[in-house]
file input.cif (mmCIF, C-alpha atoms (C1' of nucleotides))
data_input
loop_
_atom_site.label_atom_id
_atom_site.label_comp_id
_atom_site.auth_asym_id
_atom_site.auth_seq_id
_atom_site.Cartn_x
_atom_site.Cartn_y
_atom_site.Cartn_z
CA MET G 22 103.62 101.56 46.23
CA PRO G 23 103.32 99.41 43.19
CA GLU G 24 101.52 101.73 40.79
CA LEU G 25 100.43 101.03 37.22
CA PRO G 26 103.94 100.47 35.75
CA GLU G 27 105.03 98.15 38.55
CA VAL G 28 101.86 96.07 38.33
CA GLU G 29 102.19 95.96 34.55
CA VAL G 30 105.82 94.80 34.83
CA ILE G 31 104.67 92.00 37.13
CA ARG G 32 101.94 91.11 34.64
CA GLN G 33 104.32 91.06 31.69
CA GLU G 34 106.87 88.94 33.47
CA LEU G 35 104.45 86.63 35.25
CA ALA G 36 102.33 85.87 32.18
CA PRO G 37 104.88 83.66 30.37
CA LEU G 38 105.87 82.00 33.65
CA LEU G 39 102.32 81.03 34.58
CA ALA G 40 100.54 80.54 31.26
CA GLY G 41 98.95 77.12 31.08
CA ARG G 42 100.12 76.00 34.51
CA ARG G 43 97.76 74.49 37.05
CA PHE G 44 97.25 75.36 40.70
CA THR G 45 97.64 72.24 42.83
CA ALA G 46 97.38 73.74 46.33
CA VAL G 47 96.75 76.99 48.20
CA ASP G 48 98.21 77.67 51.62
CA ALA G 49 96.47 80.71 53.09
CA ARG G 50 98.69 81.38 56.07
CA LEU G 51 97.07 84.74 56.85
CA LYS G 52 93.40 84.27 56.15
CA LYS G 53 92.39 87.95 56.21
CA MET G 54 94.38 88.54 53.02
CA VAL G 55 91.76 86.54 51.11
CA LEU G 56 88.52 88.50 50.92
CA THR G 57 86.61 85.47 49.63
CA PRO G 58 85.50 82.64 51.97
CA LEU G 59 88.43 80.28 51.95
CA GLY G 60 86.57 77.10 51.02
CA ARG G 61 85.08 78.74 47.95
CA PHE G 62 88.43 80.30 47.06
CA ARG G 63 90.22 76.97 47.28
CA ARG G 64 87.56 75.11 45.28
CA ALA G 65 87.78 77.66 42.44
CA VAL G 66 91.56 77.75 42.39
CA VAL G 67 92.89 74.27 43.10
CA GLY G 68 92.86 72.14 39.97
CA SER G 69 92.35 75.13 37.66
CA ARG G 70 94.67 76.19 34.90
CA ILE G 71 95.79 79.82 34.52
CA THR G 72 94.45 80.93 31.15
CA ALA G 73 95.57 84.58 31.21
CA VAL G 74 97.35 87.15 33.35
CA ARG G 75 95.84 90.59 32.97
CA ARG G 76 95.81 93.98 34.65
CA ARG G 77 93.19 96.64 35.30
CA ALA G 78 94.27 99.77 37.19
CA LYS G 79 96.54 98.47 39.96
CA LEU G 80 94.81 95.08 40.08
CA LEU G 81 96.53 92.00 38.75
CA LEU G 82 94.07 89.47 37.35
CA LEU G 83 94.68 85.74 37.07
CA ASP G 84 92.03 84.18 34.84
CA LEU G 85 91.32 80.55 35.64
CA SER G 86 89.90 77.70 33.57
CA SER G 87 87.18 77.36 36.23
CA GLY G 88 85.56 80.61 35.06
CA TRP G 89 86.85 82.53 38.06
CA THR G 90 89.46 85.26 38.23
CA VAL G 91 91.78 85.86 41.14
CA ALA G 92 92.20 89.62 41.57
CA VAL G 93 95.32 90.66 43.46
CA HIS G 94 95.95 94.11 44.91
CA LEU G 95 99.48 94.68 46.18
CA LYS G 96 98.69 97.99 47.89
CA MET G 97 102.02 99.27 49.24
CA THR G 98 104.28 96.38 50.11
CA GLY G 99 102.77 93.41 48.32
CA GLN G 100 104.92 91.21 46.10
CA LEU G 101 104.14 88.33 43.79
CA VAL G 102 107.17 86.13 43.49
CA TRP G 103 107.66 83.11 41.29
CA VAL G 104 109.86 80.45 42.81
CA PRO G 105 110.59 77.73 40.25
CA GLU G 106 111.00 74.18 41.48
CA ARG G 107 114.58 74.36 40.38
CA GLY G 108 116.37 77.67 40.15
CA THR G 109 117.26 80.64 42.26
CA LEU G 110 115.87 84.04 43.10
CA ARG G 111 118.01 87.03 42.41
CA GLY G 112 117.65 89.84 44.88
CA GLY G 113 119.60 92.31 42.78
CA GLY G 114 121.64 93.52 45.72
CA HIS G 115 119.26 96.41 46.40
CA PRO G 116 118.74 97.73 49.91
CA PHE G 117 115.77 95.79 51.11
CA HIS G 118 113.92 94.86 54.22
CA GLY G 119 114.44 91.17 53.99
CA ALA G 120 111.02 90.26 52.64
CA LEU G 121 112.61 88.10 49.94
CA ASP G 122 114.96 86.24 52.24
CA GLY G 123 114.35 82.51 52.39
CA LEU G 124 111.01 82.22 50.64
CA PRO G 125 108.48 81.39 51.81
CA ASN G 126 109.12 83.41 54.96
CA ARG G 127 107.19 85.25 57.68
CA TYR G 128 105.82 87.76 55.14
CA SER G 129 104.60 85.04 52.76
CA HIS G 130 100.91 85.16 53.56
CA ILE G 131 99.60 83.12 50.65
CA VAL G 132 101.56 80.34 49.01
CA PHE G 133 100.15 78.86 45.80
CA THR G 134 101.63 75.61 44.63
CA VAL G 135 101.63 75.56 40.85
CA THR G 136 102.86 72.87 38.48
CA GLY G 137 106.57 73.67 38.21
CA GLY G 138 106.91 76.04 41.13
CA GLN G 139 105.35 78.26 43.76
CA LEU G 140 103.62 81.61 43.40
CA ILE G 141 104.10 83.49 46.65
CA PHE G 142 102.19 86.53 47.83
CA ASN G 143 104.39 88.47 50.25
CA ASP G 144 103.16 91.54 52.06
CA LEU G 145 105.05 93.09 54.93
CA ARG G 146 102.27 95.49 55.87
CA GLN G 147 99.35 93.20 55.13
CA PHE G 148 97.34 95.86 53.28
CA GLY G 149 97.07 93.87 50.06
CA PHE G 150 94.34 91.39 49.23
CA LEU G 151 93.22 88.57 46.99
CA LYS G 152 89.64 88.28 45.85
CA LEU G 153 87.78 85.81 43.72
CA VAL G 154 85.46 87.27 41.09
CA ARG G 155 83.49 85.50 38.36
CA SER G 156 85.43 86.24 35.18
CA ASP G 157 82.25 87.30 33.40
CA ALA G 158 81.38 89.70 36.24
CA LEU G 159 84.71 91.52 36.34
CA GLU G 160 83.62 94.48 34.26
CA ARG G 161 80.58 94.95 36.51
CA TRP G 162 82.85 94.85 39.54
CA PHE G 163 85.11 97.54 38.06
CA ALA G 164 82.07 99.63 37.24
CA GLU G 165 80.79 99.32 40.82
CA GLN G 166 84.11 100.64 42.05
CA LYS G 167 83.94 103.36 39.38
CA ILE G 168 87.52 102.69 38.30
CA GLY G 169 88.54 105.36 35.82
CA PRO G 170 90.03 105.02 32.32
CA GLU G 171 93.33 103.25 31.62
CA PRO G 172 95.85 105.97 30.74
CA LEU G 173 97.84 103.64 28.47
CA GLU G 174 94.84 102.66 26.41
CA ARG G 175 92.34 104.82 24.55
CA PHE G 176 92.63 108.06 26.51
CA PRO G 177 91.42 110.98 24.42
CA PHE G 178 92.01 114.53 25.58
CA ALA G 179 88.30 115.29 25.35
CA THR G 180 87.50 112.59 27.93
CA PHE G 181 90.28 113.77 30.22
CA ASN G 182 89.12 117.36 30.01
CA GLU G 183 85.46 116.41 30.56
CA ARG G 184 86.48 114.61 33.72
CA LEU G 185 88.49 117.61 34.90
CA LYS G 186 85.46 119.82 34.38
CA ARG G 187 83.45 117.65 36.77
CA ARG G 188 85.70 118.56 39.71
CA PRO G 189 86.60 122.23 39.29
CA ARG G 190 87.20 122.90 42.96
CA SER G 191 89.55 119.98 43.60
CA ARG G 192 93.27 120.32 43.76
CA VAL G 193 95.00 118.71 40.84
CA LYS G 194 97.17 116.18 42.66
CA PRO G 195 94.42 114.57 44.77
CA THR G 196 92.45 114.40 41.51
CA LEU G 197 95.24 112.45 39.80
CA LEU G 198 95.42 110.09 42.78
CA ASP G 199 91.69 109.37 42.66
CA GLN G 200 91.33 106.00 40.92
CA ARG G 201 87.86 107.02 39.74
CA PHE G 202 89.39 109.91 37.79
CA VAL G 203 92.16 107.95 36.10
CA ALA G 204 93.32 104.44 36.90
CA GLY G 205 96.80 103.52 38.03
CA LEU G 206 98.52 106.66 39.28
CA GLY G 207 99.92 106.66 42.80
CA ASN G 208 102.04 109.09 44.75
CA ILE G 209 105.22 108.68 42.72
CA TYR G 210 103.81 109.10 39.20
CA ALA G 211 101.33 111.79 40.21
CA ASP G 212 104.28 113.92 41.35
CA GLU G 213 106.29 112.98 38.26
CA ALA G 214 103.45 113.80 35.85
CA LEU G 215 102.85 117.19 37.49
CA PHE G 216 106.54 118.01 37.20
CA GLU G 217 106.57 116.94 33.58
CA ALA G 218 103.56 119.19 32.89
CA ARG G 219 105.06 122.05 34.96
CA VAL G 220 101.95 122.26 37.10
CA ARG G 221 101.93 122.84 40.88
CA PRO G 222 100.26 119.97 42.75
CA THR G 223 98.12 122.40 44.78
CA ARG G 224 96.49 124.08 41.77
CA LEU G 225 92.71 124.03 41.65
CA VAL G 226 91.51 122.16 38.60
CA ARG G 227 89.35 125.06 37.38
CA THR G 228 92.42 127.33 37.15
CA LEU G 229 94.27 125.04 34.72
CA THR G 230 94.61 126.53 31.26
CA VAL G 231 93.93 124.42 28.20
CA SER G 232 97.64 124.14 27.45
CA GLU G 233 98.31 122.99 31.01
CA ARG G 234 95.53 120.42 30.71
CA ARG G 235 97.05 119.20 27.46
CA ALA G 236 100.51 119.04 29.01
CA LEU G 237 99.17 116.99 31.92
CA TRP G 238 97.19 114.72 29.62
CA GLN G 239 100.39 114.03 27.66
CA ALA G 240 102.58 113.72 30.74
CA ILE G 241 100.58 110.94 32.39
CA PRO G 242 101.14 108.22 29.76
CA ALA G 243 104.65 109.55 29.03
CA VAL G 244 105.72 109.14 32.66
CA LEU G 245 104.10 105.71 32.95
CA ARG G 246 105.65 104.44 29.70
CA ARG G 247 109.07 105.68 30.70
CA SER G 248 108.85 103.78 33.98
CA LEU G 249 107.62 100.69 32.17
CA ARG G 250 110.69 100.78 29.92
CA HIS G 251 112.88 100.75 33.02
CA ARG G 252 110.83 98.00 34.69
CA GLY G 253 109.36 100.20 37.42
CA THR G 254 110.54 102.01 40.52
CA THR G 255 112.02 100.07 43.42
CA PHE G 256 111.92 102.49 46.33
CA ARG G 257 111.79 99.82 48.99
CA HIS G 258 109.59 96.84 48.36
CA PHE G 259 108.78 96.55 44.70
CA ARG G 260 110.22 93.39 43.18
CA ARG G 261 109.67 91.75 39.87
CA PRO G 262 108.45 88.12 40.00
CA ASP G 263 112.05 86.88 39.82
CA GLY G 264 113.09 89.06 42.76
CA GLN G 265 114.89 91.71 40.74
CA PRO G 266 114.30 95.43 41.35
CA GLY G 267 113.16 97.94 38.75
CA ALA G 268 115.61 100.54 37.45
CA MET G 269 113.41 103.65 37.43
CA LEU G 270 114.33 105.05 40.86
CA ARG G 271 117.40 106.99 39.76
CA LEU G 272 115.52 108.42 36.79
CA LEU G 273 112.74 110.01 38.85
CA ARG G 274 112.68 113.79 38.49
CA VAL G 275 111.04 114.88 41.74
CA TYR G 276 109.82 111.99 43.88
CA GLY G 277 112.29 111.24 46.67
CA ARG G 278 114.54 114.13 45.58
CA GLU G 279 113.83 116.68 48.32
CA GLY G 280 116.64 119.25 48.48
CA GLN G 281 118.32 117.95 45.33
CA PRO G 282 118.59 120.24 42.30
CA CYS G 283 115.73 120.28 39.82
CA ARG G 284 116.87 118.53 36.68
CA ARG G 285 115.48 121.41 34.60
CA CYS G 286 116.49 124.56 36.49
CA GLY G 287 118.65 123.54 39.44
CA THR G 288 116.31 124.90 42.12
CA PRO G 289 116.15 122.54 45.11
CA ILE G 290 113.12 120.22 44.97
CA GLN G 291 110.64 120.96 47.75
CA LYS G 292 108.73 118.40 49.73
CA THR G 293 105.40 119.43 51.21
CA ARG G 294 102.30 117.65 52.47
CA LEU G 295 99.15 117.66 50.43
CA ALA G 296 96.12 115.56 51.31
CA GLN G 297 98.27 113.62 53.79
CA ARG G 298 100.75 112.69 51.06
CA GLY G 299 104.37 113.59 50.70
CA THR G 300 104.43 115.85 47.64
CA HIS G 301 107.54 116.70 45.66
CA ALA G 302 107.78 119.62 43.25
CA CYS G 303 110.09 122.24 41.82
CA PRO G 304 109.01 125.60 43.26
CA ASN G 305 110.46 127.38 40.23
CA CYS G 306 109.36 125.45 37.18
CA GLN G 307 105.98 124.23 38.38
CA ARG G 308 103.45 127.04 38.26
"C1'" DA Y 272 80.88 118.09 47.50
"C1'" DA Y 273 85.44 118.44 48.89
"C1'" DG Y 274 88.69 117.69 52.19
"C1'" DA Y 275 90.52 116.22 56.58
"C1'" DA Y 276 91.25 112.51 59.48
"C1'" DG Y 277 91.10 107.65 60.96
"C1'" DT Y 278 91.84 102.72 59.59
"C1'" DC Y 279 94.54 98.65 58.37
"C1'" DC Y 280 100.14 97.31 59.32
"C1'" DT Y 281 105.41 96.83 59.96
"C1'" DG Y 282 110.01 98.40 59.87
"C1'" DG Y 283 113.32 102.17 59.25
"C1'" DG Y 284 115.07 106.24 60.99
"C1'" DC Y 285 115.31 109.75 64.15
"C1'" DG Y 286 115.96 112.26 68.82
"C1'" DC Y 287 117.22 111.72 73.32
"C1'" DT E 20 121.99 100.57 73.50
"C1'" DG E 21 117.20 101.20 73.58
"C1'" DC E 22 112.90 103.41 73.88
"C1'" DG E 23 109.25 106.23 71.99
"C1'" DC E 24 107.74 108.57 68.21
"C1'" DC E 25 106.92 109.66 63.41
"C1'" DC E 26 106.88 108.38 58.62
"C1'" DA E 27 105.95 105.60 54.37
"C1'" DG E 28 100.88 105.63 51.59
"C1'" DG E 29 96.43 102.66 48.64
"C1'" DA E 30 91.95 102.91 49.22
"C1'" DC E 31 88.16 102.85 52.01
"C1'" DT E 32 85.22 104.96 55.75
"C1'" DT E 33 83.57 108.62 58.71
"C1'" DC E 34 83.12 113.21 60.00
"C1'" DT E 35 82.83 118.21 59.05
#

call {"tool": "encode", "arguments": {"input": "input.cif", "output": "structure tokens"}}
result
Amino acid sequence: MPELPEVEVIRQELAPLLAGRRFTAVDARLKKMVLTPLGRFRRAVVGSRITAVRRRAKLLLLDLSSGWTVAVHLKMTGQLVWVPERGTLRGGGHPFHGALDGLPNRYSHIVFTVTGGQLIFNDLRQFGFLKLVRSDALERWFAEQKIGPEPLERFPFATFNERLKRRPRSRVKPTLLDQRFVAGLGNIYADEALFEARVRPTRLVRTLTVSERRALWQAIPAVLRRSLRHRGTTFRHFRRPDGQPGAMLRLLRVYGREGQPCRRCGTPIQKTRLAQRGTHACPNCQR
DNA sequence: AAGAAGTCCTGGGCGC
DNA sequence: TGCGCCCAGGACTTCT
């Protein structure tokens, strides 16, 4: 469930906490979470300094002084929590399934000891992963996966429209969710962007008018930036590195609002299933 | 080539 | 009170 804004919030908040610190130990309690052979992983990480904390798509990237980068994918329930040697975690009093109680706990699958604290990878559903990639081979790795353009960086309409033209027969929402089409959207912000652009999620790409394409192209970064300002959406599991939730949930316009009045026209928001995903839309203002 | 379905996994919420 | 079932969905794989 962490999508681009949530991963970016983690990056922004983790970067000053980790910059220049050194890994002194790695405790891989659940080995399958590390996609790299553990001996190699440990040799690259332990003793290395963290030189940068970056993000590409939904991947968080920890650049190390050893020339390696630890790529972290949180998938749906992953969390990266910073526990300082002295200090406390604030849960924020949000409804939560206990995954931050008493860290490290049964969901803490990887525990990094860092000078000054611990960096803990929690993941209730164990879908997330860590992978070691040579820093100078990262771009090649992204290219192999065909990860699409970053919507908050250079993202010209012409490129967006060209990409739409390549998949005329696809429905628009599955297209937005495809990381090869555009990087970083997940179920929440795909629904939010379609609402913002007043486009039905089931529309075939080839039927979108130029003004609808433009509206969608504008809506994507607008929705992501708005979430970023509010430090992301905490639906269940998303936590910032200090354990606090994001504040975007109550500002969402369609996601999670089935039956509630559309904020534009008052029509009850409908929830349907599209490509095996819960899909929220206003049946009146999305055409 | 697109789309449906299966896969990983746990806990919450529901009906009975 | 408790059991069985479905749902949540990121991204990959397999089948149609």

call {"tool": "resolve_selection", "arguments": {"input": "input.cif", "expression": "the PyMOL selection byres ((chain Y) within 10 of (chain G))", "output": "PyMOL selection string"}}
result
chain Y and resi 272-276+279-283

call {"tool": "atom_distance", "arguments": {"input": "input.cif", "atom1": "CA of Ile141 (chain G)", "atom2": "CA of Val102 (chain G)"}}
result
5.1 Å

call {"tool": "interface_residues", "arguments": {"input": "input.cif", "of": "chain G", "to": "chain E", "cutoff": "10 Å", "atoms": "all atoms listed in the file", "output": "list of chain:residue names"}}
result
G:Met22, G:Pro23, G:Glu24, G:Lys79, G:His94, G:Leu95, G:Lys96, G:Met97, G:Thr98, G:Phe148, G:Gly149, G:Leu198, G:Asp199, G:Gln200, G:Gly207, G:Asn208, G:Arg257, G:Gln297, G:Arg298, G:Gly299

call {"tool": "write_last_selection", "arguments": {"input": "input.cif", "atoms": "C-alpha atoms", "output": "CSV table (one decimal), keeping the file's coordinate frame"}}
result
chain,number,residue,atom,x,y,z
G,22,MET,CA,103.6,101.6,46.2
G,23,PRO,CA,103.3,99.4,43.2
G,24,GLU,CA,101.5,101.7,40.8
G,79,LYS,CA,96.5,98.5,40.0
G,94,HIS,CA,96.0,94.1,44.9
G,95,LEU,CA,99.5,94.7,46.2
G,96,LYS,CA,98.7,98.0,47.9
G,97,MET,CA,102.0,99.3,49.2
G,98,THR,CA,104.3,96.4,50.1
G,148,PHE,CA,97.3,95.9,53.3
G,149,GLY,CA,97.1,93.9,50.1
G,198,LEU,CA,95.4,110.1,42.8
G,199,ASP,CA,91.7,109.4,42.7
G,200,GLN,CA,91.3,106.0,40.9
G,207,GLY,CA,99.9,106.7,42.8
G,208,ASN,CA,102.0,109.1,44.8
G,257,ARG,CA,111.8,99.8,49.0
G,297,GLN,CA,98.3,113.6,53.8
G,298,ARG,CA,100.8,112.7,51.1
G,299,GLY,CA,104.4,113.6,50.7

call {"tool": "resolve_selection", "arguments": {"input": "input.cif", "expression": "the PyMOL selection byres ((chain G and resi 240) around 10)", "output": "list in words"}}
result
Tyr210, Ala211, Glu213, Ala214, Leu215, Phe216, Glu217, Ala218, Arg219, Arg234, Arg235, Ala236, Leu237, Trp238, Gln239, Ile241, Pro242, Ala243, Val244, Leu245 and Arg246 of chain G

call {"tool": "atom_distance", "arguments": {"input": "input.cif", "atom1": "CA of Trp103 (chain G)", "atom2": "CA of Ile31 (chain G)"}}
result
10.3 Å

call {"tool": "atom_distance", "arguments": {"input": "input.cif", "atom1": "CA of Leu25 (chain G)", "atom2": "CA of Asp48 (chain G)"}}
result
27.5 Å

call {"tool": "build_atoms", "arguments": {"input": "input.cif", "residues": "region 204-237 of chain G", "atoms": "N, CA and C atoms", "output": "PDB file, in the frame of the given file"}}
result
ATOM      1  N   ALA G 204      92.872 105.643  36.208  1.00  0.00           N
ATOM      2  CA  ALA G 204      93.320 104.440  36.900  1.00  0.00           C
ATOM      3  C   ALA G 204      94.840 104.338  36.899  1.00  0.00           C
ATOM      4  N   GLY G 205      95.411 103.966  38.022  1.00  0.00           N
ATOM      5  CA  GLY G 205      96.800 103.520  38.030  1.00  0.00           C
ATOM      6  C   GLY G 205      97.847 104.447  38.570  1.00  0.00           C
ATOM      7  N   LEU G 206      97.522 105.748  38.724  1.00  0.00           N
ATOM      8  CA  LEU G 206      98.520 106.660  39.280  1.00  0.00           C
ATOM      9  C   LEU G 206      98.558 106.526  40.796  1.00  0.00           C
ATOM     10  N   GLY G 207      99.744 106.584  41.361  1.00  0.00           N
ATOM     11  CA  GLY G 207      99.920 106.660  42.800  1.00  0.00           C
ATOM     12  C   GLY G 207     100.794 107.858  43.104  1.00  0.00           C
ATOM     13  N   ASN G 208     101.347 107.887  44.301  1.00  0.00           N
ATOM     14  CA  ASN G 208     102.040 109.090  44.750  1.00  0.00           C
ATOM     15  C   ASN G 208     103.270 109.429  43.899  1.00  0.00           C
ATOM     16  N   ILE G 209     103.998 108.413  43.488  1.00  0.00           N
ATOM     17  CA  ILE G 209     105.220 108.680  42.720  1.00  0.00           C
ATOM     18  C   ILE G 209     104.885 109.312  41.367  1.00  0.00           C
ATOM     19  N   TYR G 210     104.034 108.646  40.580  1.00  0.00           N
ATOM     20  CA  TYR G 210     103.810 109.100  39.200  1.00  0.00           C
ATOM     21  C   TYR G 210     102.879 110.306  39.126  1.00  0.00           C
ATOM     22  N   ALA G 211     102.086 110.541  40.179  1.00  0.00           N
ATOM     23  CA  ALA G 211     101.330 111.790  40.210  1.00  0.00           C
ATOM     24  C   ALA G 211     102.313 112.956  40.313  1.00  0.00           C
ATOM     25  N   ASP G 212     103.272 112.859  41.219  1.00  0.00           N
ATOM     26  CA  ASP G 212     104.280 113.920  41.350  1.00  0.00           C
ATOM     27  C   ASP G 212     105.094 114.064  40.062  1.00  0.00           C
ATOM     28  N   GLU G 213     105.472 112.938  39.474  1.00  0.00           N
ATOM     29  CA  GLU G 213     106.290 112.980  38.260  1.00  0.00           C
ATOM     30  C   GLU G 213     105.528 113.605  37.091  1.00  0.00           C
ATOM     31  N   ALA G 214     104.250 113.262  36.955  1.00  0.00           N
ATOM     32  CA  ALA G 214     103.450 113.800  35.850  1.00  0.00           C
ATOM     33  C   ALA G 214     103.251 115.304  36.016  1.00  0.00           C
ATOM     34  N   LEU G 215     103.041 115.756  37.253  1.00  0.00           N
ATOM     35  CA  LEU G 215     102.850 117.190  37.490  1.00  0.00           C
ATOM     36  C   LEU G 215     104.134 117.970  37.199  1.00  0.00           C
ATOM     37  N   PHE G 216     105.260 117.362  37.533  1.00  0.00           N
ATOM     38  CA  PHE G 216     106.540 118.010  37.200  1.00  0.00           C
ATOM     39  C   PHE G 216     106.695 118.112  35.691  1.00  0.00           C
ATOM     40  N   GLU G 217     106.450 116.997  35.036  1.00  0.00           N
ATOM     41  CA  GLU G 217     106.570 116.940  33.580  1.00  0.00           C
ATOM     42  C   GLU G 217     105.704 118.008  32.905  1.00  0.00           C
ATOM     43  N   ALA G 218     104.503 118.223  33.467  1.00  0.00           N
ATOM     44  CA  ALA G 218     103.560 119.190  32.890  1.00  0.00           C
ATOM     45  C   ALA G 218     103.787 120.598  33.427  1.00  0.00           C
ATOM     46  N   ARG G 219     104.724 120.749  34.347  1.00  0.00           N
ATOM     47  CA  ARG G 219     105.060 122.050  34.960  1.00  0.00           C
ATOM     48  C   ARG G 219     103.888 122.658  35.701  1.00  0.00           C
ATOM     49  N   VAL G 220     103.133 121.801  36.374  1.00  0.00           N
ATOM     50  CA  VAL G 220     101.950 122.260  37.100  1.00  0.00           C
ATOM     51  C   VAL G 220     102.160 122.005  38.592  1.00  0.00           C
ATOM     52  N   ARG G 221     101.862 122.996  39.417  1.00  0.00           N
ATOM     53  CA  ARG G 221     101.930 122.840  40.880  1.00  0.00           C
ATOM     54  C   ARG G 221     100.850 121.885  41.364  1.00  0.00           C
ATOM     55  N   PRO G 222     101.221 120.968  42.266  1.00  0.00           N
ATOM     56  CA  PRO G 222     100.260 119.970  42.750  1.00  0.00           C
ATOM     57  C   PRO G 222      99.045 120.584  43.452  1.00  0.00           C
ATOM     58  N   THR G 223      99.201 121.785  44.013  1.00  0.00           N
ATOM     59  CA  THR G 223      98.120 122.400  44.780  1.00  0.00           C
ATOM     60  C   THR G 223      97.123 123.179  43.910  1.00  0.00           C
ATOM     61  N   ARG G 224      97.386 123.295  42.628  1.00  0.00           N
ATOM     62  CA  ARG G 224      96.490 124.080  41.770  1.00  0.00           C
ATOM     63  C   ARG G 224      95.075 123.529  41.780  1.00  0.00           C
ATOM     64  N   LEU G 225      94.100 124.448  41.796  1.00  0.00           N
ATOM     65  CA  LEU G 225      92.710 124.030  41.650  1.00  0.00           C
ATOM     66  C   LEU G 225      92.467 123.703  40.186  1.00  0.00           C
ATOM     67  N   VAL G 226      91.733 122.634  39.968  1.00  0.00           N
ATOM     68  CA  VAL G 226      91.510 122.160  38.600  1.00  0.00           C
ATOM     69  C   VAL G 226      90.943 123.263  37.696  1.00  0.00           C
ATOM     70  N   ARG G 227      90.007 124.057  38.234  1.00  0.00           N
ATOM     71  CA  ARG G 227      89.350 125.060  37.380  1.00  0.00           C
ATOM     72  C   ARG G 227      90.308 126.154  36.902  1.00  0.00           C
ATOM     73  N   THR G 228      91.475 126.293  37.564  1.00  0.00           N
ATOM     74  CA  THR G 228      92.420 127.330  37.150  1.00  0.00           C
ATOM     75  C   THR G 228      93.397 126.845  36.084  1.00  0.00           C
ATOM     76  N   LEU G 229      93.325 125.570  35.712  1.00  0.00           N
ATOM     77  CA  LEU G 229      94.270 125.040  34.720  1.00  0.00           C
ATOM     78  C   LEU G 229      93.889 125.524  33.326  1.00  0.00           C
ATOM     79  N   THR G 230      94.868 126.080  32.627  1.00  0.00           N
ATOM     80  CA  THR G 230      94.610 126.530  31.260  1.00  0.00           C
ATOM     81  C   THR G 230      94.539 125.303  30.344  1.00  0.00           C
ATOM     82  N   VAL G 231      94.036 125.532  29.138  1.00  0.00           N
ATOM     83  CA  VAL G 231      93.930 124.420  28.200  1.00  0.00           C
ATOM     84  C   VAL G 231      95.302 123.837  27.896  1.00  0.00           C
ATOM     85  N   SER G 232      96.314 124.695  27.777  1.00  0.00           N
ATOM     86  CA  SER G 232      97.640 124.140  27.450  1.00  0.00           C
ATOM     87  C   SER G 232      98.203 123.361  28.632  1.00  0.00           C
ATOM     88  N   GLU G 233      97.872 123.777  29.850  1.00  0.00           N
ATOM     89  CA  GLU G 233      98.310 122.990  31.010  1.00  0.00           C
ATOM     90  C   GLU G 233      97.581 121.644  31.069  1.00  0.00           C
ATOM     91  N   ARG G 234      96.291 121.677  30.739  1.00  0.00           N
ATOM     92  CA  ARG G 234      95.530 120.420  30.710  1.00  0.00           C
ATOM     93  C   ARG G 234      96.120 119.464  29.667  1.00  0.00           C
ATOM     94  N   ARG G 235      96.460 120.034  28.530  1.00  0.00           N
ATOM     95  CA  ARG G 235      97.050 119.200  27.460  1.00  0.00           C
ATOM     96  C   ARG G 235      98.395 118.640  27.898  1.00  0.00           C
ATOM     97  N   ALA G 236      99.188 119.481  28.554  1.00  0.00           N
ATOM     98  CA  ALA G 236     100.510 119.040  29.010  1.00  0.00           C
ATOM     99  C   ALA G 236     100.359 117.896  30.016  1.00  0.00           C
ATOM    100  N   LEU G 237      99.388 118.025  30.906  1.00  0.00           N
ATOM    101  CA  LEU G 237      99.170 116.990  31.920  1.00  0.00           C
ATOM    102  C   LEU G 237      98.663 115.707  31.277  1.00  0.00           C
TER     103      LEU G 237
END
